[in-house]
>>> print(open('coords_32.cif').read())   # mmCIF, C-alpha atoms
data_structure
loop_
_atom_site.group_PDB
_atom_site.id
_atom_site.type_symbol
_atom_site.label_atom_id
_atom_site.label_comp_id
_atom_site.auth_asym_id
_atom_site.auth_seq_id
_atom_site.Cartn_x
_atom_site.Cartn_y
_atom_site.Cartn_z
ATOM 1 C CA MET A 1 67.705 99.192 111.519
ATOM 2 C CA SER A 2 68.018 101.818 108.783
ATOM 3 C CA PRO A 3 71.546 102.343 107.439
ATOM 4 C CA GLU A 4 73.424 105.536 108.167
ATOM 5 C CA ILE A 5 74.456 107.126 104.881
ATOM 6 C CA ARG A 6 77.359 109.571 104.793
ATOM 7 C CA LEU A 7 78.951 111.607 102.022
ATOM 8 C CA ILE A 8 82.716 111.622 102.499
ATOM 9 C CA ALA A 9 85.059 114.120 100.854
ATOM 10 C CA SER A 10 88.853 114.481 100.839
ATOM 11 C CA PRO A 11 89.558 118.158 101.635
ATOM 12 C CA ASN A 12 93.274 117.823 102.444
ATOM 13 C CA TRP A 13 94.650 117.679 98.908
ATOM 14 C CA THR A 14 97.219 120.184 97.672
ATOM 15 C CA ASP A 15 98.499 118.390 94.529
ATOM 16 C CA TYR A 16 95.003 117.621 93.205
ATOM 17 C CA LYS A 17 92.001 119.860 92.509
ATOM 18 C CA LEU A 18 88.656 119.345 90.801
ATOM 19 C CA LEU A 19 88.588 122.684 89.006
ATOM 20 C CA ASP A 20 85.179 122.380 87.355
ATOM 21 C CA SER A 21 82.598 119.846 86.229
ATOM 22 C CA GLY A 22 79.528 119.696 84.043
ATOM 23 C CA ALA A 23 78.113 118.606 80.696
ATOM 24 C CA GLY A 24 79.385 115.057 81.297
ATOM 25 C CA GLN A 25 82.995 116.083 81.977
ATOM 26 C CA LYS A 26 85.369 117.057 84.776
ATOM 27 C CA LEU A 27 88.355 119.403 84.669
ATOM 28 C CA GLU A 28 91.101 118.358 87.091
ATOM 29 C CA ARG A 29 94.596 119.390 88.121
ATOM 30 C CA PHE A 30 97.036 116.564 88.835
ATOM 31 C CA GLY A 31 100.230 118.220 90.012
ATOM 32 C CA PRO A 32 101.440 120.581 87.246
ATOM 33 C CA TYR A 33 98.970 119.368 84.604
ATOM 34 C CA THR A 34 95.298 119.946 83.882
ATOM 35 C CA PHE A 35 93.153 117.267 82.236
ATOM 36 C CA ALA A 36 89.584 116.986 80.995
ATOM 37 C CA ARG A 37 87.981 113.573 81.437
ATOM 38 C CA PRO A 38 84.493 112.148 80.887
ATOM 39 C CA GLU A 39 82.218 112.146 83.943
ATOM 40 C CA ALA A 40 78.705 110.849 83.386
ATOM 41 C CA GLN A 41 77.582 111.972 86.853
ATOM 42 C CA ALA A 42 78.191 115.659 86.054
ATOM 43 C CA LEU A 43 74.655 116.442 84.908
ATOM 44 C CA TRP A 44 74.826 120.215 85.426
ATOM 45 C CA SER A 45 76.374 122.985 83.328
ATOM 46 C CA LYS A 46 80.031 123.928 83.401
ATOM 47 C CA ALA A 47 80.771 126.921 85.636
ATOM 48 C CA LEU A 48 84.140 127.971 84.182
ATOM 49 C CA PRO A 49 84.378 129.715 80.783
ATOM 50 C CA PRO A 50 85.373 127.678 77.688
ATOM 51 C CA GLU A 51 88.926 129.068 77.622
ATOM 52 C CA LYS A 52 89.668 127.439 80.993
ATOM 53 C CA TRP A 53 88.667 124.048 79.613
ATOM 54 C CA GLU A 54 90.521 124.629 76.357
ATOM 55 C CA ALA A 55 93.724 125.294 78.339
ATOM 56 C CA ALA A 56 93.881 121.678 79.552
ATOM 57 C CA GLN A 57 97.075 119.904 78.510
ATOM 58 C CA ALA A 58 95.153 116.766 77.503
ATOM 59 C CA VAL A 59 91.590 115.570 76.949
ATOM 60 C CA PHE A 60 90.426 111.974 77.143
ATOM 61 C CA GLN A 61 88.301 111.060 74.134
ATOM 62 C CA PRO A 62 86.025 108.126 74.989
ATOM 63 C CA SER A 63 85.157 105.394 72.521
ATOM 64 C CA GLY A 64 82.014 103.294 72.366
ATOM 65 C CA GLU A 65 83.505 100.664 74.674
ATOM 66 C CA GLU A 66 83.231 101.078 78.421
ATOM 67 C CA SER A 67 86.362 102.852 79.728
ATOM 68 C CA GLY A 68 87.763 102.745 76.191
ATOM 69 C CA GLY A 69 89.223 105.696 74.317
ATOM 70 C CA HIS A 70 92.462 107.626 74.030
ATOM 71 C CA TRP A 71 94.219 110.747 75.264
ATOM 72 C CA GLN A 72 94.438 113.756 72.975
ATOM 73 C CA PHE A 73 97.478 115.803 74.031
ATOM 74 C CA LYS A 74 97.513 119.522 73.304
ATOM 75 C CA GLU A 75 100.853 120.074 75.036
ATOM 76 C CA GLU A 76 103.726 117.839 76.043
ATOM 77 C CA VAL A 77 103.143 115.935 79.277
ATOM 78 C CA ALA A 78 105.851 114.015 81.155
ATOM 79 C CA GLU A 79 105.781 110.229 80.919
ATOM 80 C CA ARG A 80 105.229 110.218 84.662
ATOM 81 C CA TRP A 81 105.399 112.791 87.441
ATOM 82 C CA GLU A 82 105.420 112.846 91.226
ATOM 83 C CA MET A 83 102.502 113.823 93.464
ATOM 84 C CA ASN A 84 101.982 113.638 97.190
ATOM 85 C CA TYR A 85 99.234 113.375 99.773
ATOM 86 C CA GLY A 86 100.474 114.043 103.272
ATOM 87 C CA SER A 87 103.543 111.846 103.726
ATOM 88 C CA LEU A 88 102.639 109.616 100.771
ATOM 89 C CA ARG A 89 104.516 110.193 97.517
ATOM 90 C CA PHE A 90 103.530 108.439 94.322
ATOM 91 C CA TRP A 91 103.922 108.378 90.560
ATOM 92 C CA VAL A 92 101.141 109.528 88.244
ATOM 93 C CA ARG A 93 100.888 108.966 84.513
ATOM 94 C CA ASN A 94 98.364 108.956 81.675
ATOM 95 C CA THR A 95 97.374 105.332 81.158
ATOM 96 C CA HIS A 96 95.846 103.714 78.087
ATOM 97 C CA GLY A 97 92.502 104.129 79.853
ATOM 98 C CA ARG A 98 91.170 107.339 81.351
ATOM 99 C CA HIS A 99 92.841 106.848 84.738
ATOM 100 C CA LEU A 100 96.140 108.241 86.026
ATOM 101 C CA GLY A 101 97.075 105.785 88.776
ATOM 102 C CA VAL A 102 95.367 107.577 91.654
ATOM 103 C CA PHE A 103 91.717 107.995 92.651
ATOM 104 C CA PRO A 104 91.802 111.277 94.624
ATOM 105 C CA GLU A 105 88.437 110.725 96.313
ATOM 106 C CA CYS A 106 89.910 107.692 98.102
ATOM 107 C CA ALA A 107 92.186 109.909 100.199
ATOM 108 C CA ALA A 108 89.403 110.039 102.808
ATOM 109 C CA HIS A 109 89.712 106.260 103.087
ATOM 110 C CA TRP A 110 93.503 106.466 103.486
ATOM 111 C CA ASP A 111 93.114 108.885 106.415
ATOM 112 C CA TRP A 112 90.463 106.682 108.016
ATOM 113 C CA ILE A 113 92.524 103.504 107.584
ATOM 114 C CA ALA A 114 95.577 105.114 109.206
ATOM 115 C CA GLY A 115 93.484 106.497 112.052
ATOM 116 C CA LYS A 116 91.875 103.141 112.851
ATOM 117 C CA ILE A 117 95.258 101.376 112.835
ATOM 118 C CA HIS A 118 96.828 104.012 115.103
ATOM 119 C CA GLN A 119 93.887 103.637 117.492
ATOM 120 C CA ARG A 120 94.183 99.840 117.666
ATOM 121 C CA MET A 121 97.964 99.890 118.110
ATOM 122 C CA ARG A 122 97.779 102.444 120.929
ATOM 123 C CA LYS A 123 95.221 100.248 122.655
ATOM 124 C CA ALA A 124 97.411 97.167 122.153
ATOM 125 C CA GLY A 125 100.542 98.860 123.451
ATOM 126 C CA GLY A 126 102.448 99.721 120.300
ATOM 127 C CA SER A 127 104.327 98.076 117.463
ATOM 128 C CA ASP A 128 104.740 94.716 119.211
ATOM 129 C CA SER A 129 101.115 94.009 118.212
ATOM 130 C CA PRO A 130 100.840 95.086 114.546
ATOM 131 C CA VAL A 131 97.507 95.123 112.759
ATOM 132 C CA ASN A 132 97.406 92.550 109.938
ATOM 133 C CA VAL A 133 95.796 94.197 106.870
ATOM 134 C CA LEU A 134 94.778 92.614 103.551
ATOM 135 C CA ASN A 135 94.263 94.988 100.620
ATOM 136 C CA LEU A 136 92.466 93.262 97.735
ATOM 137 C CA PHE A 137 92.403 94.829 94.248
ATOM 138 C CA GLY A 138 95.079 97.141 95.641
ATOM 139 C CA TYR A 139 95.958 98.878 92.327
ATOM 140 C CA THR A 140 98.904 101.286 92.776
ATOM 141 C CA GLY A 141 99.081 100.751 96.509
ATOM 142 C CA LEU A 142 98.141 104.007 98.211
ATOM 143 C CA ALA A 143 95.782 102.389 100.730
ATOM 144 C CA SER A 144 98.505 99.817 101.439
ATOM 145 C CA LEU A 145 101.079 102.557 101.994
ATOM 146 C CA ALA A 146 98.717 104.469 104.291
ATOM 147 C CA ALA A 147 98.217 101.327 106.378
ATOM 148 C CA ALA A 148 101.938 100.542 106.453
ATOM 149 C CA THR A 149 102.816 104.100 107.438
ATOM 150 C CA ALA A 150 100.494 103.731 110.426
ATOM 151 C CA GLY A 151 102.402 100.613 111.494
ATOM 152 C CA ALA A 152 100.329 97.789 110.018
ATOM 153 C CA LYS A 153 101.630 94.587 108.489
ATOM 154 C CA VAL A 154 100.163 94.679 104.973
ATOM 155 C CA THR A 155 99.431 92.107 102.272
ATOM 156 C CA HIS A 156 98.721 93.880 98.985
ATOM 157 C CA LEU A 157 97.110 91.907 96.151
ATOM 158 C CA ASP A 158 96.221 92.773 92.585
ATOM 159 C CA ALA A 159 95.729 90.624 89.492
ATOM 160 C CA SER A 160 97.835 93.049 87.417
ATOM 161 C CA LYS A 161 101.608 92.643 87.639
ATOM 162 C CA LYS A 162 101.966 96.131 86.161
ATOM 163 C CA SER A 163 99.860 97.644 88.964
ATOM 164 C CA VAL A 164 101.839 95.820 91.655
ATOM 165 C CA THR A 165 105.110 97.025 90.112
ATOM 166 C CA TRP A 166 103.739 100.580 90.138
ATOM 167 C CA ALA A 167 102.731 100.160 93.786
ATOM 168 C CA ARG A 168 106.217 98.996 94.729
ATOM 169 C CA GLU A 169 107.675 102.034 92.967
ATOM 170 C CA ASN A 170 105.346 104.206 95.058
ATOM 171 C CA GLN A 171 106.608 102.461 98.201
ATOM 172 C CA GLN A 172 110.179 103.303 97.243
ATOM 173 C CA LEU A 173 109.286 106.900 96.327
ATOM 174 C CA SER A 174 107.588 107.337 99.718
ATOM 175 C CA GLY A 175 110.679 106.046 101.520
ATOM 176 C CA LEU A 176 108.760 103.124 103.008
ATOM 177 C CA GLU A 177 111.043 100.257 101.973
ATOM 178 C CA ASP A 178 111.456 99.283 105.632
ATOM 179 C CA LYS A 179 107.722 98.788 106.141
ATOM 180 C CA SER A 180 106.167 95.324 106.179
ATOM 181 C CA ILE A 181 104.327 94.978 102.863
ATOM 182 C CA ARG A 182 103.890 91.664 101.064
ATOM 183 C CA TRP A 183 103.222 92.137 97.337
ATOM 184 C CA ILE A 184 101.058 89.482 95.642
ATOM 185 C CA VAL A 185 99.937 89.036 92.000
ATOM 186 C CA ASP A 186 96.988 86.652 92.144
ATOM 187 C CA ASP A 187 93.258 86.143 91.771
ATOM 188 C CA ALA A 188 91.582 87.626 94.861
ATOM 189 C CA THR A 189 89.102 84.848 95.613
ATOM 190 C CA LYS A 190 91.590 82.015 95.075
ATOM 191 C CA PHE A 191 94.159 83.733 97.278
ATOM 192 C CA VAL A 192 91.699 84.324 100.121
ATOM 193 C CA GLN A 193 90.534 80.719 99.965
ATOM 194 C CA ARG A 194 94.149 79.518 100.188
ATOM 195 C CA GLU A 195 94.776 81.804 103.159
ATOM 196 C CA ALA A 196 91.785 80.251 104.907
ATOM 197 C CA ARG A 197 93.167 76.748 104.347
ATOM 198 C CA ARG A 198 96.521 77.909 105.744
ATOM 199 C CA GLY A 199 94.816 79.334 108.821
ATOM 200 C CA VAL A 200 96.009 82.913 108.152
ATOM 201 C CA LYS A 201 93.955 85.620 109.872
ATOM 202 C CA TYR A 202 93.574 89.338 109.147
ATOM 203 C CA ASP A 203 92.415 92.147 111.422
ATOM 204 C CA ALA A 204 91.340 94.402 108.564
ATOM 205 C CA ILE A 205 90.417 93.948 104.903
ATOM 206 C CA CYS A 206 90.090 96.547 102.136
ATOM 207 C CA LEU A 207 88.289 95.650 98.908
ATOM 208 C CA ASP A 208 88.126 97.864 95.829
ATOM 209 C CA PRO A 209 86.791 95.443 93.202
ATOM 210 C CA PRO A 210 86.339 96.391 89.532
ATOM 211 C CA LYS A 211 83.078 95.918 87.703
ATOM 212 C CA PHE A 212 84.756 93.351 85.450
ATOM 213 C CA GLY A 213 88.234 91.915 85.309
ATOM 214 C CA ARG A 214 90.436 88.880 84.865
ATOM 215 C CA GLY A 215 92.901 87.224 87.176
ATOM 216 C CA PRO A 216 96.504 86.466 86.152
ATOM 217 C CA LYS A 217 95.405 83.049 84.824
ATOM 218 C CA GLY A 218 92.309 84.333 83.054
ATOM 219 C CA GLU A 219 89.933 83.970 86.008
ATOM 220 C CA VAL A 220 86.766 85.954 85.294
ATOM 221 C CA TRP A 221 85.618 88.551 87.826
ATOM 222 C CA GLU A 222 82.099 90.014 87.566
ATOM 223 C CA VAL A 223 81.278 92.038 90.647
ATOM 224 C CA ASN A 224 77.564 91.206 90.762
ATOM 225 C CA LYS A 225 78.287 87.468 90.606
ATOM 226 C CA SER A 226 81.684 87.228 92.291
ATOM 227 C CA LEU A 227 81.474 89.633 95.234
ATOM 228 C CA PRO A 228 79.218 87.589 97.568
ATOM 229 C CA ASP A 229 81.517 84.549 97.387
ATOM 230 C CA LEU A 230 84.591 86.702 97.971
ATOM 231 C CA LEU A 231 83.066 88.416 100.999
ATOM 232 C CA GLN A 232 82.144 85.056 102.521
ATOM 233 C CA ALA A 233 85.695 83.832 101.918
ATOM 234 C CA CYS A 234 87.001 87.013 103.572
ATOM 235 C CA ARG A 235 84.860 86.357 106.637
ATOM 236 C CA ASN A 236 86.646 83.027 107.023
ATOM 237 C CA ILE A 237 90.027 84.739 107.413
ATOM 238 C CA LEU A 238 88.996 87.425 109.919
ATOM 239 C CA SER A 239 90.666 87.462 113.312
ATOM 240 C CA GLU A 240 88.557 87.034 116.440
ATOM 241 C CA GLU A 241 88.460 90.808 116.969
ATOM 242 C CA PRO A 242 88.541 92.403 113.508
ATOM 243 C CA LEU A 243 89.283 96.110 113.279
ATOM 244 C CA PHE A 244 87.572 97.110 110.037
ATOM 245 C CA ILE A 245 86.258 96.061 106.638
ATOM 246 C CA LEU A 246 86.182 98.593 103.813
ATOM 247 C CA LEU A 247 84.355 97.988 100.523
ATOM 248 C CA THR A 248 84.435 100.540 97.685
ATOM 249 C CA VAL A 249 82.667 100.037 94.361
ATOM 250 C CA TYR A 250 83.016 102.024 91.122
ATOM 251 C CA ALA A 251 81.101 101.998 87.833
ATOM 252 C CA VAL A 252 78.345 99.759 89.131
ATOM 253 C CA LYS A 253 74.689 100.690 89.456
ATOM 254 C CA ALA A 254 74.602 99.583 93.080
ATOM 255 C CA PRO A 255 73.283 102.091 95.639
ATOM 256 C CA ALA A 256 75.184 102.424 98.881
ATOM 257 C CA VAL A 257 72.358 100.719 100.777
ATOM 258 C CA HIS A 258 73.008 97.566 98.737
ATOM 259 C CA LEU A 259 76.645 97.577 99.850
ATOM 260 C CA TYR A 260 75.371 98.047 103.397
ATOM 261 C CA ALA A 261 73.200 94.956 103.040
ATOM 262 C CA VAL A 262 75.978 92.730 101.701
ATOM 263 C CA MET A 263 78.382 93.980 104.381
ATOM 264 C CA GLU A 264 75.781 93.448 107.102
ATOM 265 C CA GLU A 265 75.386 89.866 105.913
ATOM 266 C CA MET A 266 79.154 89.332 105.931
ATOM 267 C CA MET A 267 79.687 90.737 109.453
ATOM 268 C CA ARG A 268 76.679 89.161 111.135
ATOM 269 C CA GLY A 269 77.731 87.971 114.598
ATOM 270 C CA PHE A 270 80.463 90.602 115.020
ATOM 271 C CA THR A 271 79.860 93.682 117.162
ATOM 272 C CA GLY A 272 80.629 96.936 115.401
ATOM 273 C CA GLU A 273 79.362 99.983 113.537
ATOM 274 C CA LEU A 274 78.357 99.827 109.871
ATOM 275 C CA ILE A 275 77.842 102.845 107.642
ATOM 276 C CA CYS A 276 77.588 103.359 103.903
ATOM 277 C CA GLY A 277 77.543 106.264 101.502
ATOM 278 C CA GLU A 278 79.324 107.947 98.618
ATOM 279 C CA LEU A 279 82.842 109.225 98.020
ATOM 280 C CA VAL A 280 82.521 112.761 96.685
ATOM 281 C CA ILE A 281 84.730 115.567 95.414
ATOM 282 C CA ARG A 282 83.735 119.235 95.617
ATOM 283 C CA ASP A 283 84.480 121.302 92.526
ATOM 284 C CA GLU A 284 86.213 124.630 93.096
ATOM 285 C CA SER A 285 84.217 126.506 90.492
ATOM 286 C CA ALA A 286 80.770 126.208 92.069
ATOM 287 C CA GLY A 287 81.152 124.102 95.200
ATOM 288 C CA ARG A 288 79.155 121.191 93.814
ATOM 289 C CA LEU A 289 79.629 117.665 95.124
ATOM 290 C CA LEU A 290 80.480 115.121 92.459
ATOM 291 C CA SER A 291 79.872 111.489 93.459
ATOM 292 C CA GLN A 292 82.642 109.110 92.379
ATOM 293 C CA ALA A 293 81.974 105.797 94.146
ATOM 294 C CA THR A 294 79.840 104.071 96.746
ATOM 295 C CA TYR A 295 81.277 102.459 99.853
ATOM 296 C CA ALA A 296 80.449 100.532 103.012
ATOM 297 C CA ARG A 297 82.573 100.580 106.166
ATOM 298 C CA TRP A 298 82.382 98.260 109.145
ATOM 299 C CA GLU A 299 84.485 99.058 112.186
ATOM 300 C CA SER A 300 84.805 97.545 115.631
ATOM 301 C CA GLU A 301 83.311 99.433 118.526
ATOM 302 C CA GLY A 302 86.419 99.131 120.685
#
>>> encode(input="coords_32.cif", output="structure tokens")
Amino acid sequence: MSPEIRLIASPNWTDYKLLDSGAGQKLERFGPYTFARPEAQALWSKALPPEKWEAAQAVFQPSGEESGGHWQFKEEVAERWEMNYGSLRFWVRNTHGRHLGVFPECAAHWDWIAGKIHQRMRKAGGSDSPVNVLNLFGYTGLASLAAATAGAKVTHLDASKKSVTWARENQQLSGLEDKSIRWIVDDATKFVQREARRGVKYDAICLDPPKFGRGPKGEVWEVNKSLPDLLQACRNILSEEPLFILLTVYAVKAPAVHLYAVMEEMMRGFTGELICGELVIRDESAGRLLSQATYARWESEG
């Protein structure tokens, strides 16, 4: 069966805009600030005039190392500032890398996650039957907060203590301290394997693995080598009637159909729908779709 490939955008933003793209860069507005960042996928020409790009408060200057470089500030920018997406509120800041603590294209995932959880809980009769969600490589926690807002019981894991602290600050800023979120700093594969030995089961799993990384004890993560073992471990902790599996991959030369294949292998024997595709953002200047990541989604048919 040929995979169904979908391009998914996030049109509901107000605090974020992709203003323009081209010549290997993208011009974006994050709240009150405008930034220019490298974007290798932007193969076309810029649509806005040079003065619009020159008005950016900061430009990220890449170095020879992957994701390396530094910010060049033309104007003063706050150490951190607040943004929101729907009911979610979160802190944004310029990090030592090119990122700011939020991947705007993932908002489409947040909406989908919340919708699937609402659907399952309505079918099950409400909050007495919460959906148990595991968010691996959870970063600053926005997928976890979206799931918790919808009523799920969430376990959020990241190898970076700094990222987990940031995520907890976002929980507080969103006024979600009463929601059931367990915060874990650990290596993803080791944690999942321990959960399997403990007999813990999850109804839904989100994975947003990096291309390369290290666990809190120096464990090496290389997505091409490590992902298959992690997905098999995740299968071992799925409940009898899983709700969804979501896999998103950045900075890896892996077409969406390859994610489809690895997800199909993982979910063999379960009945559900599997799609794959790209997360895209449309620039305001010319209406062009800029691909940011590939994904695969499996969801139950019920």
>>> resolve_selection(input="coords_32.cif", expression="the PyMOL selection byres ((chain A and resi 281-292) around 6)", output="VMD selection string")
chain A and resid 9 18 to 20 47 279 to 280 293
>>> resolve_selection(input="coords_32.cif", expression="the PyMOL selection byres ((chain A and resi 237-249) around 8)", output="number ranges by chain")
A: 116-117, 120, 192, 195-196, 199-211, 233-236, 250-252, 259, 293-300
>>> write_last_selection(input="coords_32.cif", atoms="C-alpha atoms", output="PDB file, in the coordinates of the input")
ATOM      1  CA  LYS A 116      91.875 103.141 112.851  1.00  0.00           C
ATOM      2  CA  ILE A 117      95.258 101.376 112.835  1.00  0.00           C
ATOM      3  CA  ARG A 120      94.183  99.840 117.666  1.00  0.00           C
ATOM      4  CA  VAL A 192      91.699  84.324 100.121  1.00  0.00           C
ATOM      5  CA  GLU A 195      94.776  81.804 103.159  1.00  0.00           C
ATOM      6  CA  ALA A 196      91.785  80.251 104.907  1.00  0.00           C
ATOM      7  CA  GLY A 199      94.816  79.334 108.821  1.00  0.00           C
ATOM      8  CA  VAL A 200      96.009  82.913 108.152  1.00  0.00           C
ATOM      9  CA  LYS A 201      93.955  85.620 109.872  1.00  0.00           C
ATOM     10  CA  TYR A 202      93.574  89.338 109.147  1.00  0.00           C
ATOM     11  CA  ASP A 203      92.415  92.147 111.422  1.00  0.00           C
ATOM     12  CA  ALA A 204      91.340  94.402 108.564  1.00  0.00           C
ATOM     13  CA  ILE A 205      90.417  93.948 104.903  1.00  0.00           C
ATOM     14  CA  CYS A 206      90.090  96.547 102.136  1.00  0.00           C
ATOM     15  CA  LEU A 207      88.289  95.650  98.908  1.00  0.00           C
ATOM     16  CA  ASP A 208      88.126  97.864  95.829  1.00  0.00           C
ATOM     17  CA  PRO A 209      86.791  95.443  93.202  1.00  0.00           C
ATOM     18  CA  PRO A 210      86.339  96.391  89.532  1.00  0.00           C
ATOM     19  CA  LYS A 211      83.078  95.918  87.703  1.00  0.00           C
ATOM     20  CA  ALA A 233      85.695  83.832 101.918  1.00  0.00           C
ATOM     21  CA  CYS A 234      87.001  87.013 103.572  1.00  0.00           C
ATOM     22  CA  ARG A 235      84.860  86.357 106.637  1.00  0.00           C
ATOM     23  CA  ASN A 236      86.646  83.027 107.023  1.00  0.00           C
ATOM     24  CA  TYR A 250      83.016 102.024  91.122  1.00  0.00           C
ATOM     25  CA  ALA A 251      81.101 101.998  87.833  1.00  0.00           C
ATOM     26  CA  VAL A 252      78.345  99.759  89.131  1.00  0.00           C
ATOM     27  CA  LEU A 259      76.645  97.577  99.850  1.00  0.00           C
ATOM     28  CA  ALA A 293      81.974 105.797  94.146  1.00  0.00           C
ATOM     29  CA  THR A 294      79.840 104.071  96.746  1.00  0.00           C
ATOM     30  CA  TYR A 295      81.277 102.459  99.853  1.00  0.00           C
ATOM     31  CA  ALA A 296      80.449 100.532 103.012  1.00  0.00           C
ATOM     32  CA  ARG A 297      82.573 100.580 106.166  1.00  0.00           C
ATOM     33  CA  TRP A 298      82.382  98.260 109.145  1.00  0.00           C
ATOM     34  CA  GLU A 299      84.485  99.058 112.186  1.00  0.00           C
ATOM     35  CA  SER A 300      84.805  97.545 115.631  1.00  0.00           C
TER      36      SER A 300
END
>>> resolve_selection(input="coords_32.cif", expression="the PyMOL selection byres ((chain A and resi 17) around 12)", output="number ranges by chain")
A: 10-16, 18-21, 26-35, 103-105, 281-285, 287
>>> residues_around(input="coords_32.cif", residues="A:Gly101", least_positions_apart="4", cutoff="9 Å", atoms="all atoms listed in the file", output="JSON, numbers by chain")
{"A": [90, 91, 92, 93, 94, 95, 139, 140, 163, 166]}
>>> write_last_selection(input="coords_32.cif", atoms="C-alpha atoms", output="PDB file, keeping the file's coordinate frame")
ATOM      1  CA  PHE A  90     103.530 108.439  94.322  1.00  0.00           C
ATOM      2  CA  TRP A  91     103.922 108.378  90.560  1.00  0.00           C
ATOM      3  CA  VAL A  92     101.141 109.528  88.244  1.00  0.00           C
ATOM      4  CA  ARG A  93     100.888 108.966  84.513  1.00  0.00           C
ATOM      5  CA  ASN A  94      98.364 108.956  81.675  1.00  0.00           C
ATOM      6  CA  THR A  95      97.374 105.332  81.158  1.00  0.00           C
ATOM      7  CA  TYR A 139      95.958  98.878  92.327  1.00  0.00           C
ATOM      8  CA  THR A 140      98.904 101.286  92.776  1.00  0.00           C
ATOM      9  CA  SER A 163      99.860  97.644  88.964  1.00  0.00           C
ATOM     10  CA  TRP A 166     103.739 100.580  90.138  1.00  0.00           C
TER      11      TRP A 166
END
>>> atom_distance(input="coords_32.cif", atom1="atom CA of A:Gly151", atom2="atom CA of A:Ser180")
8.4 Å
>>> residues_around(input="coords_32.cif", residues="A:Phe191", least_positions_apart="6", cutoff="12 Å", atoms="only C-alpha atoms", output="ChimeraX atom specification")
/A:134-137,155-159,184-185,197-198,200,215-216,230,233-234,237
>>> write_last_selection(input="coords_32.cif", atoms="C-alpha atoms", output="PDB file, in the coordinates of the input")
ATOM      1  CA  LEU A 134      94.778  92.614 103.551  1.00  0.00           C
ATOM      2  CA  ASN A 135      94.263  94.988 100.620  1.00  0.00           C
ATOM      3  CA  LEU A 136      92.466  93.262  97.735  1.00  0.00           C
ATOM      4  CA  PHE A 137      92.403  94.829  94.248  1.00  0.00           C
ATOM      5  CA  THR A 155      99.431  92.107 102.272  1.00  0.00           C
ATOM      6  CA  HIS A 156      98.721  93.880  98.985  1.00  0.00           C
ATOM      7  CA  LEU A 157      97.110  91.907  96.151  1.00  0.00           C
ATOM      8  CA  ASP A 158      96.221  92.773  92.585  1.00  0.00           C
ATOM      9  CA  ALA A 159      95.729  90.624  89.492  1.00  0.00           C
ATOM     10  CA  ILE A 184     101.058  89.482  95.642  1.00  0.00           C
ATOM     11  CA  VAL A 185      99.937  89.036  92.000  1.00  0.00           C
ATOM     12  CA  ARG A 197      93.167  76.748 104.347  1.00  0.00           C
ATOM     13  CA  ARG A 198      96.521  77.909 105.744  1.00  0.00           C
ATOM     14  CA  VAL A 200      96.009  82.913 108.152  1.00  0.00           C
ATOM     15  CA  GLY A 215      92.901  87.224  87.176  1.00  0.00           C
ATOM     16  CA  PRO A 216      96.504  86.466  86.152  1.00  0.00           C
ATOM     17  CA  LEU A 230      84.591  86.702  97.971  1.00  0.00           C
ATOM     18  CA  ALA A 233      85.695  83.832 101.918  1.00  0.00           C
ATOM     19  CA  CYS A 234      87.001  87.013 103.572  1.00  0.00           C
ATOM     20  CA  ILE A 237      90.027  84.739 107.413  1.00  0.00           C
TER      21      ILE A 237
END
>>> atom_distance(input="coords_32.cif", atom1="atom CA of A:Lys253", atom2="atom CA of A:Arg268")
24.6 Å
>>> closest_residue(input="coords_32.cif", among="A:Leu88, A:Ala188, A:Leu48, A:Val131", to="A:Gln172", atoms="only C-alpha atoms")
A:Leu88
>>> residues_around(input="coords_32.cif", residues="A:Gly141", least_positions_apart="3", cutoff="6 Å", atoms="all atoms listed in the file", output="ChimeraX atom specification")
/A:138,144,167
>>> residues_around(input="coords_32.cif", residues="A:Gly175", least_positions_apart="4", cutoff="10 Å", atoms="all atoms listed in the file", output="ChimeraX atom specification")
/A:87-89,169-171,179
>>> write_last_selection(input="coords_32.cif", atoms="C-alpha atoms", output="JSON list (two decimals), in the coordinates of the input")
[["chain", "number", "residue", "atom", "x", "y", "z"],
["A", 87, "SER", "CA", 103.54, 111.85, 103.73],
["A", 88, "LEU", "CA", 102.64, 109.62, 100.77],
["A", 89, "ARG", "CA", 104.52, 110.19, 97.52],
["A", 169, "GLU", "CA", 107.68, 102.03, 92.97],
["A", 170, "ASN", "CA", 105.35, 104.21, 95.06],
["A", 171, "GLN", "CA", 106.61, 102.46, 98.20],
["A", 179, "LYS", "CA", 107.72, 98.79, 106.14]]
>>> atom_distance(input="coords_32.cif", atom1="atom CA of A:Thr189", atom2="atom CA of A:Met267")
17.7 Å
>>> residues_around(input="coords_32.cif", residues="A:Gly97", least_positions_apart="3", cutoff="8 Å", atoms="all atoms listed in the file", output="PyMOL selection string")
chain A and resi 67-70+94
>>> closest_residue(input="coords_32.cif", among="A:Gln193, A:Arg98, A:Glu219, A:Ala256", to="A:Gly277", atoms="all atoms listed in the file")
A:Ala256
